[in-house]
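> Following this message is one structure expressed as structure tokens.
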Amino acid sequence: MPERRTVALVTLGCARNEVDSEELAGRLEADGWDLVNDAADADVAVVNTCGFVEAAKKDSVDALLEANDLKGHGRTQAVVAVGCMAERYGKDLAEALPEADGVLGFDDYADISDRLQTILSGGIHAAHTPRDRRKLLPISPAQRQESAASVSLPGHGPAAEAPEAAPADLPEGLAPASGPRAPLRRRLDGAPVASVKLASGCDRRCSFCAIPSFRGSFISRRPSDVLNETRWLAEQGVKEIMLVSENNTSYGKDLGDIRLLESLLPELAEVDGLERVRVSYLQPAEMRPGLIDVLTSTPKVVPYFDLSFQHSAPGVLRAMRRFGDTDRFLELLDTIRGKAPEAGVRSNFIVGFPGETEADLAELERFLNGARLDAIGVFGYSDEEGTEAATYENKLDEDVVAERLARVSRLAEELVSQRAEERVGETVHVLVESIDDEGVYGRGAHQAPETDGQVLLTSGAGLSVGRMVEAKVVGTEGVDLVAEPLDGSLACSEEAGR
């Protein structure tokens, strides 16, 4: 019997990429590949790249070169690039990085097994010529669903119709396709939290962002597919799902119902075994009163607001092709906290944008001081090729951008620490995520995985990964919280573990 082929998936970038990797893993395993964790143990190392900003692109190239170094020293025979950077640059990346044995775009995902087998056998699969994926679907969102059947949408599964019943010979632990766009998915870790894609692409035209050009126009997944995938994840032991896309507030607009998220969230919260539902990537200008109501009042849907503010000075926001200002943003936060005082809020900001003045920076600082955000990401502006902002003339010197980045980063660090201290005395519900010699760590409802802080529990008696624990916050360590499990919560956990 021939030895089975092995493949390792190395994932960089955001939670959307993590979902894409698990879909690729599902496709490969269903086609007879063995998945391994370490690239050194794989015949083929597949690096799911990020193409968002220069730092992410550098990390992707470094990962490809690191995997390439394994060739000739062990089992690894080929290194293949997939993901956003591969899609964005295609043949240009292949020419610039000959260490990669293949550069595959999104259109190759449906045939990923054949592509890897060709490369592993010494064949060549020509890298694609990059194109603007926004042009693949109609401009009108209402016309996209029918056309989308012919377009590869990462995280949406195969375009072909799925069988009425799942094949009986699928490997254990592999999610069966349940609809025309439901993916095969294989979990790549045993974490109690998993991301679920609501949509792909983006219709916004922020002047600093290139994502829509290589991710394409916004297209929603159907609610039935989102529900079926969530049910399967819960059966796999997942306790929290995080809904991801480039813009969750637009979900449903191409399905004829811009308020579809408001009706989907309560259904997701009722999935057996699920403890928490979290929504990420929200646009402040698109926040609706009804959505705020659902996010702040639905049991198991956490009052968590990942709001993409980017700045608060009106002039900078207009140059970014965005909307809002300091006072409107603060009013939005007041509305949210009026309904859920304990709500978690995070956001990212760009400083040093072309034309940003000292007054603009002071306006951003005014907003940050009043916003009481739980987590803040700050980035210095840099040109992204193909974006409108890259053509702007009034660029700031690099040293000015660096100084402003350092200045606002210091302020952000101080403010999130202050916000954490405000939570001392609160009761938090903590999802336990890791237990080691250092202690028991988890996250409260106001903390998303990877991007926000965490909670250190002062006692781990009777606890295991995946448990929900009620605890009282007794201290802080920067943005992180220190919390003491309540006696009743530990007793319930011990009983549940028997």
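Simple scheme: letters A, B, ... for chains in structure tokens order, numbers from 1 for residues in each chain, numbers from 1 for ligands in the order shown.
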Write out as a PyMOL selection string the set of residues from region 197-304 of chain A that DSSP, computed on the backbone, places in strand (DSSP E).

chain A and resi 197+199-200+219-220+240-244+276-279+304

> Report as a PyMOL selection string all protein, DNA and RNA residues lying within 8 Å of region 319-333 of chain A, evaluated on only C-alpha atoms, omitting residues in the same chain fewer than 3 positions from it.

chain A and resi 205-208+284-285+312-316+336-337+363-364+366-367+370-371+389

> Kindly export the residues of the current selection with C-alpha atoms, as a compact mmCIF listing (two decimals), in the first residue's frame.


```txt
# COMPACT_ATOMS: atom_id res chain seq x y z
CA ARG A 205 -13.52 51.94 -0.47
CA CYS A 206 -11.30 53.13 2.36
CA SER A 207 -8.43 54.99 0.73
CA PHE A 208 -5.73 53.19 2.74
CA PRO A 284 -19.35 52.46 13.27
CA ALA A 285 -21.13 54.25 10.40
CA SER A 312 -11.76 60.56 14.89
CA ALA A 313 -10.68 63.83 13.28
CA PRO A 314 -13.27 64.64 10.57
CA GLY A 315 -10.74 65.80 7.98
CA VAL A 316 -8.63 62.65 8.31
CA ILE A 336 -23.95 50.99 23.85
CA ARG A 337 -22.97 51.40 27.50
CA GLU A 363 -8.64 65.34 18.30
CA LEU A 364 -7.82 61.63 18.17
CA ARG A 366 -9.47 63.60 22.87
CA PHE A 367 -11.52 60.70 21.58
CA GLY A 370 -13.13 59.79 26.44
CA ALA A 371 -13.81 56.42 24.85
CA ALA A 389 -3.94 57.10 -0.28
```

> Report as CSV: every residue of region 236-279 of chain A with an atom at most 8 Å from region 461-469 of chain A, its closest pair of atoms, and their distance in Å to one decimal, counting only C-alpha atoms, with rows sorted by chain and ascending residue number.


```
residue,atom,partner,partner_atom,distance
A:Gly237,CA,A:Gly466,CA,7.9
A:Val238,CA,A:Gly466,CA,7.7
A:Lys239,CA,A:Gly466,CA,6.5
A:Glu275,CA,A:Met468,CA,7.9
```

> Kindly save the residues from that selection, with all heavy atoms included, as an mmCIF file, in the first residue's frame.


```
data_model
loop_
_atom_site.group_PDB
_atom_site.id
_atom_site.type_symbol
_atom_site.label_atom_id
_atom_site.label_comp_id
_atom_site.auth_asym_id
_atom_site.auth_seq_id
_atom_site.Cartn_x
_atom_site.Cartn_y
_atom_site.Cartn_z
ATOM 1 N N GLY A 237 -16.945 20.300 20.376
ATOM 2 C CA GLY A 237 -16.524 20.796 21.677
ATOM 3 C C GLY A 237 -16.281 22.284 21.751
ATOM 4 O O GLY A 237 -15.845 22.796 22.787
ATOM 5 N N VAL A 238 -16.561 23.014 20.678
ATOM 6 C CA VAL A 238 -16.381 24.468 20.692
ATOM 7 C C VAL A 238 -17.432 25.117 21.590
ATOM 8 O O VAL A 238 -18.619 24.801 21.500
ATOM 9 C CB VAL A 238 -16.466 25.038 19.256
ATOM 10 C CG1 VAL A 238 -16.542 26.559 19.278
ATOM 11 C CG2 VAL A 238 -15.267 24.568 18.435
ATOM 12 N N LYS A 239 -16.990 26.011 22.449
ATOM 13 C CA LYS A 239 -17.886 26.696 23.378
ATOM 14 C C LYS A 239 -18.191 28.131 22.953
ATOM 15 O O LYS A 239 -19.200 28.700 23.368
ATOM 16 C CB LYS A 239 -17.269 26.714 24.785
ATOM 17 C CG LYS A 239 -17.035 25.330 25.376
ATOM 18 C CD LYS A 239 -18.330 24.548 25.479
ATOM 19 C CE LYS A 239 -18.103 23.172 26.070
ATOM 20 N NZ LYS A 239 -19.362 22.362 26.090
ATOM 21 N N GLU A 275 -21.716 28.225 24.367
ATOM 22 C CA GLU A 275 -21.826 29.102 25.530
ATOM 23 C C GLU A 275 -21.791 30.583 25.165
ATOM 24 O O GLU A 275 -22.388 31.402 25.845
ATOM 25 C CB GLU A 275 -20.682 28.815 26.520
ATOM 26 C CG GLU A 275 -20.706 27.412 27.111
ATOM 27 C CD GLU A 275 -21.779 27.248 28.173
ATOM 28 O OE1 GLU A 275 -22.384 28.260 28.572
ATOM 29 O OE2 GLU A 275 -22.005 26.111 28.598
#
```

> Considering only C-alpha atoms, return as a PDB file with all heavy atoms, in the first residue's frame whatever protein or nucleic-acid residues lie within 12 Å of Gly51 (chain A), sequence-local ones (same chain, fewer than 5 positions apart) excluded.


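Saved to part15.pdb:
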```
ATOM      1  N   LEU A  12      -0.892  32.460   8.701  1.00  0.00           N
ATOM      2  CA  LEU A  12      -0.548  33.803   9.170  1.00  0.00           C
ATOM      3  C   LEU A  12      -1.755  34.720   8.975  1.00  0.00           C
ATOM      4  O   LEU A  12      -2.648  34.429   8.188  1.00  0.00           O
ATOM      5  CB  LEU A  12       0.652  34.351   8.393  1.00  0.00           C
ATOM      6  CG  LEU A  12       1.961  33.590   8.624  1.00  0.00           C
ATOM      7  CD1 LEU A  12       2.192  32.594   7.514  1.00  0.00           C
ATOM      8  CD2 LEU A  12       3.131  34.550   8.715  1.00  0.00           C
ATOM      9  N   GLY A  13      -1.740  35.849   9.693  1.00  0.00           N
ATOM     10  CA  GLY A  13      -2.801  36.823   9.474  1.00  0.00           C
ATOM     11  C   GLY A  13      -3.990  36.653  10.394  1.00  0.00           C
ATOM     12  O   GLY A  13      -3.869  36.177  11.520  1.00  0.00           O
ATOM     13  N   CYS A  14      -5.154  37.010   9.883  1.00  0.00           N
ATOM     14  CA  CYS A  14      -6.355  37.188  10.702  1.00  0.00           C
ATOM     15  C   CYS A  14      -7.150  35.904  10.876  1.00  0.00           C
ATOM     16  O   CYS A  14      -6.827  34.849  10.316  1.00  0.00           O
ATOM     17  CB  CYS A  14      -7.236  38.251  10.066  1.00  0.00           C
ATOM     18  SG  CYS A  14      -7.855  37.765   8.438  1.00  0.00           S
ATOM     19  N   ASN A  17      -8.292  34.082   7.739  1.00  0.00           N
ATOM     20  CA  ASN A  17      -7.317  33.162   7.178  1.00  0.00           C
ATOM     21  C   ASN A  17      -7.345  31.821   7.900  1.00  0.00           C
ATOM     22  O   ASN A  17      -7.121  30.765   7.301  1.00  0.00           O
ATOM     23  CB  ASN A  17      -5.914  33.766   7.245  1.00  0.00           C
ATOM     24  CG  ASN A  17      -5.433  34.253   5.889  1.00  0.00           C
ATOM     25  OD1 ASN A  17      -6.218  34.435   4.971  1.00  0.00           O
ATOM     26  ND2 ASN A  17      -4.137  34.462   5.765  1.00  0.00           N
ATOM     27  N   ALA A  56       3.077  42.315   7.720  1.00  0.00           N
ATOM     28  CA  ALA A  56       2.445  41.004   7.538  1.00  0.00           C
ATOM     29  C   ALA A  56       3.016  40.288   6.322  1.00  0.00           C
ATOM     30  O   ALA A  56       3.226  39.073   6.333  1.00  0.00           O
ATOM     31  CB  ALA A  56       0.933  41.169   7.393  1.00  0.00           C
ATOM     32  N   LYS A  57       3.278  41.058   5.271  1.00  0.00           N
ATOM     33  CA  LYS A  57       3.867  40.453   4.076  1.00  0.00           C
ATOM     34  C   LYS A  57       5.272  39.937   4.364  1.00  0.00           C
ATOM     35  O   LYS A  57       5.662  38.857   3.895  1.00  0.00           O
ATOM     36  CB  LYS A  57       3.872  41.468   2.930  1.00  0.00           C
ATOM     37  CG  LYS A  57       2.485  41.702   2.331  1.00  0.00           C
ATOM     38  CD  LYS A  57       2.509  42.659   1.168  1.00  0.00           C
ATOM     39  CE  LYS A  57       2.488  44.087   1.591  1.00  0.00           C
ATOM     40  NZ  LYS A  57       2.267  45.026   0.472  1.00  0.00           N
ATOM     41  N   LYS A  58       6.037  40.664   5.161  1.00  0.00           N
ATOM     42  CA  LYS A  58       7.379  40.212   5.532  1.00  0.00           C
ATOM     43  C   LYS A  58       7.304  38.921   6.331  1.00  0.00           C
ATOM     44  O   LYS A  58       8.084  37.986   6.115  1.00  0.00           O
ATOM     45  CB  LYS A  58       8.104  41.286   6.334  1.00  0.00           C
ATOM     46  CG  LYS A  58       9.528  40.901   6.716  1.00  0.00           C
ATOM     47  CD  LYS A  58      10.203  41.971   7.553  1.00  0.00           C
ATOM     48  CE  LYS A  58      11.656  41.593   7.867  1.00  0.00           C
ATOM     49  NZ  LYS A  58      11.760  40.297   8.571  1.00  0.00           N
ATOM     50  N   ASP A  59       6.352  38.861   7.275  1.00  0.00           N
ATOM     51  CA  ASP A  59       6.176  37.637   8.059  1.00  0.00           C
ATOM     52  C   ASP A  59       5.841  36.455   7.154  1.00  0.00           C
ATOM     53  O   ASP A  59       6.306  35.328   7.381  1.00  0.00           O
ATOM     54  CB  ASP A  59       5.070  37.823   9.099  1.00  0.00           C
ATOM     55  CG  ASP A  59       5.477  38.760  10.227  1.00  0.00           C
ATOM     56  OD1 ASP A  59       6.693  39.012  10.378  1.00  0.00           O
ATOM     57  OD2 ASP A  59       4.576  39.236  10.950  1.00  0.00           O
ATOM     58  N   SER A  60       5.040  36.707   6.135  1.00  0.00           N
ATOM     59  CA  SER A  60       4.661  35.642   5.212  1.00  0.00           C
ATOM     60  C   SER A  60       5.867  35.143   4.424  1.00  0.00           C
ATOM     61  O   SER A  60       6.073  33.933   4.265  1.00  0.00           O
ATOM     62  CB  SER A  60       3.565  36.129   4.252  1.00  0.00           C
ATOM     63  OG  SER A  60       2.377  36.440   4.951  1.00  0.00           O
ATOM     64  N   VAL A  61       6.676  36.067   3.934  1.00  0.00           N
ATOM     65  CA  VAL A  61       7.883  35.682   3.196  1.00  0.00           C
ATOM     66  C   VAL A  61       8.839  34.916   4.112  1.00  0.00           C
ATOM     67  O   VAL A  61       9.412  33.884   3.721  1.00  0.00           O
ATOM     68  CB  VAL A  61       8.580  36.929   2.606  1.00  0.00           C
ATOM     69  CG1 VAL A  61       9.952  36.560   2.045  1.00  0.00           C
ATOM     70  CG2 VAL A  61       7.713  37.539   1.515  1.00  0.00           C
ATOM     71  N   ALA A  81       2.715  28.564  -1.465  1.00  0.00           N
ATOM     72  CA  ALA A  81       2.076  29.762  -0.912  1.00  0.00           C
ATOM     73  C   ALA A  81       0.625  29.828  -1.356  1.00  0.00           C
ATOM     74  O   ALA A  81       0.313  29.659  -2.539  1.00  0.00           O
ATOM     75  CB  ALA A  81       2.813  31.011  -1.369  1.00  0.00           C
ATOM     76  N   VAL A  82      -0.262  30.070  -0.405  1.00  0.00           N
ATOM     77  CA  VAL A  82      -1.672  30.342  -0.696  1.00  0.00           C
ATOM     78  C   VAL A  82      -2.046  31.597   0.091  1.00  0.00           C
ATOM     79  O   VAL A  82      -1.205  32.246   0.686  1.00  0.00           O
ATOM     80  CB  VAL A  82      -2.587  29.152  -0.298  1.00  0.00           C
ATOM     81  CG1 VAL A  82      -2.213  27.899  -1.078  1.00  0.00           C
ATOM     82  CG2 VAL A  82      -2.521  28.880   1.206  1.00  0.00           C
ATOM     83  N   GLY A  83      -3.305  31.979   0.082  1.00  0.00           N
ATOM     84  CA  GLY A  83      -3.759  33.095   0.903  1.00  0.00           C
ATOM     85  C   GLY A  83      -3.685  34.436   0.201  1.00  0.00           C
ATOM     86  O   GLY A  83      -3.487  34.535  -1.017  1.00  0.00           O
ATOM     87  N   CYS A  84      -3.844  35.493   0.995  1.00  0.00           N
ATOM     88  CA  CYS A  84      -4.030  36.834   0.436  1.00  0.00           C
ATOM     89  C   CYS A  84      -2.816  37.349  -0.321  1.00  0.00           C
ATOM     90  O   CYS A  84      -2.947  37.983  -1.372  1.00  0.00           O
ATOM     91  CB  CYS A  84      -4.415  37.807   1.547  1.00  0.00           C
ATOM     92  SG  CYS A  84      -6.068  37.519   2.217  1.00  0.00           S
ATOM     93  N   MET A  85      -1.622  37.103   0.207  1.00  0.00           N
ATOM     94  CA  MET A  85      -0.433  37.592  -0.485  1.00  0.00           C
ATOM     95  C   MET A  85      -0.248  36.857  -1.809  1.00  0.00           C
ATOM     96  O   MET A  85       0.107  37.466  -2.827  1.00  0.00           O
ATOM     97  CB  MET A  85       0.794  37.406   0.398  1.00  0.00           C
ATOM     98  CG  MET A  85       2.045  38.057  -0.160  1.00  0.00           C
ATOM     99  SD  MET A  85       3.409  37.897   1.014  1.00  0.00           S
ATOM    100  CE  MET A  85       4.719  38.693   0.097  1.00  0.00           C
ATOM    101  N   ALA A  86      -0.518  35.546  -1.811  1.00  0.00           N
ATOM    102  CA  ALA A  86      -0.410  34.771  -3.048  1.00  0.00           C
ATOM    103  C   ALA A  86      -1.451  35.237  -4.056  1.00  0.00           C
ATOM    104  O   ALA A  86      -1.163  35.360  -5.256  1.00  0.00           O
ATOM    105  CB  ALA A  86      -0.585  33.284  -2.744  1.00  0.00           C
ATOM    106  N   GLU A  87      -2.663  35.511  -3.591  1.00  0.00           N
ATOM    107  CA  GLU A  87      -3.723  35.984  -4.482  1.00  0.00           C
ATOM    108  C   GLU A  87      -3.405  37.378  -4.998  1.00  0.00           C
ATOM    109  O   GLU A  87      -3.610  37.681  -6.182  1.00  0.00           O
ATOM    110  CB  GLU A  87      -5.063  35.990  -3.750  1.00  0.00           C
ATOM    111  CG  GLU A  87      -6.203  36.634  -4.511  1.00  0.00           C
ATOM    112  CD  GLU A  87      -6.558  35.915  -5.796  1.00  0.00           C
ATOM    113  OE1 GLU A  87      -6.475  34.667  -5.832  1.00  0.00           O
ATOM    114  OE2 GLU A  87      -6.916  36.593  -6.774  1.00  0.00           O
ATOM    115  N   ARG A  88      -2.892  38.230  -4.143  1.00  0.00           N
ATOM    116  CA  ARG A  88      -2.658  39.628  -4.508  1.00  0.00           C
ATOM    117  C   ARG A  88      -1.532  39.784  -5.526  1.00  0.00           C
ATOM    118  O   ARG A  88      -1.612  40.639  -6.413  1.00  0.00           O
ATOM    119  CB  ARG A  88      -2.343  40.434  -3.251  1.00  0.00           C
ATOM    120  CG  ARG A  88      -2.170  41.922  -3.501  1.00  0.00           C
ATOM    121  CD  ARG A  88      -1.952  42.676  -2.197  1.00  0.00           C
ATOM    122  NE  ARG A  88      -1.813  44.111  -2.426  1.00  0.00           N
ATOM    123  CZ  ARG A  88      -1.563  45.006  -1.476  1.00  0.00           C
ATOM    124  NH1 ARG A  88      -1.427  44.608  -0.222  1.00  0.00           N
ATOM    125  NH2 ARG A  88      -1.458  46.290  -1.770  1.00  0.00           N
ATOM    126  N   TYR A  89      -0.480  38.958  -5.401  1.00  0.00           N
ATOM    127  CA  TYR A  89       0.702  39.168  -6.245  1.00  0.00           C
ATOM    128  C   TYR A  89       0.941  38.063  -7.278  1.00  0.00           C
ATOM    129  O   TYR A  89       1.656  38.289  -8.257  1.00  0.00           O
ATOM    130  CB  TYR A  89       1.940  39.332  -5.360  1.00  0.00           C
ATOM    131  CG  TYR A  89       1.861  40.557  -4.506  1.00  0.00           C
ATOM    132  CD1 TYR A  89       1.593  40.465  -3.145  1.00  0.00           C
ATOM    133  CD2 TYR A  89       2.008  41.815  -5.054  1.00  0.00           C
ATOM    134  CE1 TYR A  89       1.509  41.597  -2.349  1.00  0.00           C
ATOM    135  CE2 TYR A  89       1.919  42.960  -4.273  1.00  0.00           C
ATOM    136  CZ  TYR A  89       1.662  42.840  -2.919  1.00  0.00           C
ATOM    137  OH  TYR A  89       1.556  43.970  -2.139  1.00  0.00           O
ATOM    138  N   GLY A  90       0.372  36.876  -7.095  1.00  0.00           N
ATOM    139  CA  GLY A  90       0.429  35.827  -8.092  1.00  0.00           C
ATOM    140  C   GLY A  90       1.799  35.584  -8.690  1.00  0.00           C
ATOM    141  O   GLY A  90       2.777  35.294  -7.992  1.00  0.00           O
ATOM    142  N   LEU A  93       4.902  37.315  -7.253  1.00  0.00           N
ATOM    143  CA  LEU A  93       5.458  36.686  -6.057  1.00  0.00           C
ATOM    144  C   LEU A  93       6.269  35.450  -6.448  1.00  0.00           C
ATOM    145  O   LEU A  93       7.347  35.210  -5.893  1.00  0.00           O
ATOM    146  CB  LEU A  93       4.337  36.312  -5.081  1.00  0.00           C
ATOM    147  CG  LEU A  93       4.779  35.567  -3.813  1.00  0.00           C
ATOM    148  CD1 LEU A  93       5.720  36.432  -2.983  1.00  0.00           C
ATOM    149  CD2 LEU A  93       3.559  35.162  -2.981  1.00  0.00           C
ATOM    150  N   CYS A 209      -6.804  51.066   2.157  1.00  0.00           N
ATOM    151  CA  CYS A 209      -6.954  49.613   2.231  1.00  0.00           C
ATOM    152  C   CYS A 209      -7.020  48.981   0.849  1.00  0.00           C
ATOM    153  O   CYS A 209      -7.805  49.392  -0.006  1.00  0.00           O
ATOM    154  CB  CYS A 209      -8.206  49.255   3.029  1.00  0.00           C
ATOM    155  SG  CYS A 209      -8.427  47.478   3.265  1.00  0.00           S
ATOM    156  N   ALA A 210      -6.234  47.918   0.648  1.00  0.00           N
ATOM    157  CA  ALA A 210      -6.217  47.192  -0.628  1.00  0.00           C
ATOM    158  C   ALA A 210      -7.030  45.904  -0.574  1.00  0.00           C
ATOM    159  O   ALA A 210      -7.183  45.236  -1.600  1.00  0.00           O
ATOM    160  CB  ALA A 210      -4.773  46.859  -1.012  1.00  0.00           C
ATOM    161  N   ILE A 211      -7.566  45.556   0.587  1.00  0.00           N
ATOM    162  CA  ILE A 211      -8.226  44.255   0.746  1.00  0.00           C
ATOM    163  C   ILE A 211      -9.324  44.003  -0.286  1.00  0.00           C
ATOM    164  O   ILE A 211      -9.383  42.909  -0.862  1.00  0.00           O
ATOM    165  CB  ILE A 211      -8.762  44.098   2.187  1.00  0.00           C
ATOM    166  CG1 ILE A 211      -7.585  43.906   3.152  1.00  0.00           C
ATOM    167  CG2 ILE A 211      -9.725  42.921   2.290  1.00  0.00           C
ATOM    168  CD1 ILE A 211      -7.987  43.820   4.601  1.00  0.00           C
ATOM    169  N   PRO A 212     -10.233  44.944  -0.559  1.00  0.00           N
ATOM    170  CA  PRO A 212     -11.296  44.635  -1.526  1.00  0.00           C
ATOM    171  C   PRO A 212     -10.773  44.214  -2.897  1.00  0.00           C
ATOM    172  O   PRO A 212     -11.410  43.407  -3.588  1.00  0.00           O
ATOM    173  CB  PRO A 212     -12.082  45.952  -1.608  1.00  0.00           C
ATOM    174  CG  PRO A 212     -11.849  46.608  -0.288  1.00  0.00           C
ATOM    175  CD  PRO A 212     -10.432  46.276   0.053  1.00  0.00           C
ATOM    176  N   SER A 213      -9.606  44.724  -3.301  1.00  0.00           N
ATOM    177  CA  SER A 213      -9.101  44.406  -4.632  1.00  0.00           C
ATOM    178  C   SER A 213      -8.720  42.939  -4.763  1.00  0.00           C
ATOM    179  O   SER A 213      -8.830  42.363  -5.853  1.00  0.00           O
ATOM    180  CB  SER A 213      -7.905  45.289  -4.971  1.00  0.00           C
ATOM    181  OG  SER A 213      -6.807  45.010  -4.123  1.00  0.00           O
ATOM    182  N   PHE A 214      -8.273  42.301  -3.663  1.00  0.00           N
ATOM    183  CA  PHE A 214      -7.902  40.888  -3.781  1.00  0.00           C
ATOM    184  C   PHE A 214      -8.855  39.953  -3.038  1.00  0.00           C
ATOM    185  O   PHE A 214      -8.821  38.744  -3.258  1.00  0.00           O
ATOM    186  CB  PHE A 214      -6.439  40.635  -3.366  1.00  0.00           C
ATOM    187  CG  PHE A 214      -6.070  41.098  -1.983  1.00  0.00           C
ATOM    188  CD1 PHE A 214      -6.300  40.305  -0.880  1.00  0.00           C
ATOM    189  CD2 PHE A 214      -5.437  42.316  -1.799  1.00  0.00           C
ATOM    190  CE1 PHE A 214      -5.934  40.720   0.391  1.00  0.00           C
ATOM    191  CE2 PHE A 214      -5.060  42.746  -0.533  1.00  0.00           C
ATOM    192  CZ  PHE A 214      -5.300  41.949   0.568  1.00  0.00           C
ATOM    193  N   ARG A 215      -9.715  40.482  -2.192  1.00  0.00           N
ATOM    194  CA  ARG A 215     -10.747  39.660  -1.570  1.00  0.00           C
ATOM    195  C   ARG A 215     -12.073  39.753  -2.328  1.00  0.00           C
ATOM    196  O   ARG A 215     -12.928  38.889  -2.183  1.00  0.00           O
ATOM    197  CB  ARG A 215     -10.948  40.084  -0.113  1.00  0.00           C
ATOM    198  CG  ARG A 215      -9.990  39.439   0.874  1.00  0.00           C
ATOM    199  CD  ARG A 215     -10.276  37.979   1.089  1.00  0.00           C
ATOM    200  NE  ARG A 215      -9.407  37.367   2.084  1.00  0.00           N
ATOM    201  CZ  ARG A 215      -9.493  36.112   2.483  1.00  0.00           C
ATOM    202  NH1 ARG A 215     -10.409  35.312   1.969  1.00  0.00           N
ATOM    203  NH2 ARG A 215      -8.669  35.621   3.372  1.00  0.00           N
ATOM    204  N   GLU A 384       0.264  51.656   0.812  1.00  0.00           N
ATOM    205  CA  GLU A 384      -0.046  50.321   0.299  1.00  0.00           C
ATOM    206  C   GLU A 384      -0.297  50.465  -1.196  1.00  0.00           C
ATOM    207  O   GLU A 384      -1.177  51.228  -1.614  1.00  0.00           O
ATOM    208  CB  GLU A 384      -1.284  49.735   0.991  1.00  0.00           C
ATOM    209  CG  GLU A 384      -0.988  49.021   2.279  1.00  0.00           C
ATOM    210  CD  GLU A 384      -0.080  47.829   2.085  1.00  0.00           C
ATOM    211  OE1 GLU A 384      -0.391  46.965   1.234  1.00  0.00           O
ATOM    212  OE2 GLU A 384       0.954  47.759   2.765  1.00  0.00           O
ATOM    213  N   GLU A 385       0.484  49.752  -1.987  1.00  0.00           N
ATOM    214  CA  GLU A 385       0.362  49.882  -3.436  1.00  0.00           C
ATOM    215  C   GLU A 385      -1.062  49.564  -3.889  1.00  0.00           C
ATOM    216  O   GLU A 385      -1.736  48.688  -3.353  1.00  0.00           O
ATOM    217  CB  GLU A 385       1.352  48.947  -4.128  1.00  0.00           C
ATOM    218  CG  GLU A 385       1.194  47.489  -3.773  1.00  0.00           C
ATOM    219  CD  GLU A 385       2.373  46.664  -4.248  1.00  0.00           C
ATOM    220  OE1 GLU A 385       2.465  46.441  -5.458  1.00  0.00           O
ATOM    221  OE2 GLU A 385       3.184  46.245  -3.404  1.00  0.00           O
TER     222      GLU A 385
END
```

> Measuring atom to atom with only C-alpha atoms, identify which of A:Arg221, A:Ala30, A:Leu243, A:Asp374 is nearest to Glu413 (chain A).

A:Asp374

> Measure the distance from CA of Met242 (chain A) to CA of Arg185 (chain A) in Å and round it to one decimal.

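Here the two named atoms are 15.9 Å from each other.
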
> What's around Pro303 (chain A) at 9 Å? Count only C-alpha atoms, leave out sequence neighbours fewer than 2 positions away in its own chain, and write the answer as a list of chain:residue names.

A:Arg278, A:Val279, A:Ile292, A:Val294, A:Leu295, A:Thr296, A:Ser297, A:Thr298, A:Val301, A:Phe305, A:Ile336, A:Ala340, A:Glu342, A:Ala343, A:Gly344, A:Val345, A:Ala445, A:His446

> Report the residues of region 263-447 of chain A whose backbone DSSP state falls under alpha helix (DSSP H), written as a PyMOL selection string.

chain A and resi 263-269+289-297+314-319+326-339+358-371+398-422

> Name the closest residue to Glu426 (chain A) among the candidates A:Ser263, A:Gly72, A:Lys395, A:Pro485; distances are taken between atoms, counting only C-alpha atoms.

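Distance minimum relative to Glu426 (chain A) lands on A:Pro485.
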
> Tell me, in Å to one decimal, how far CA of Val277 (chain A) is from CA of Val474 (chain A).

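Separating CA of Val277 (chain A) from CA of Val474 (chain A) is a distance of 25.8 Å.
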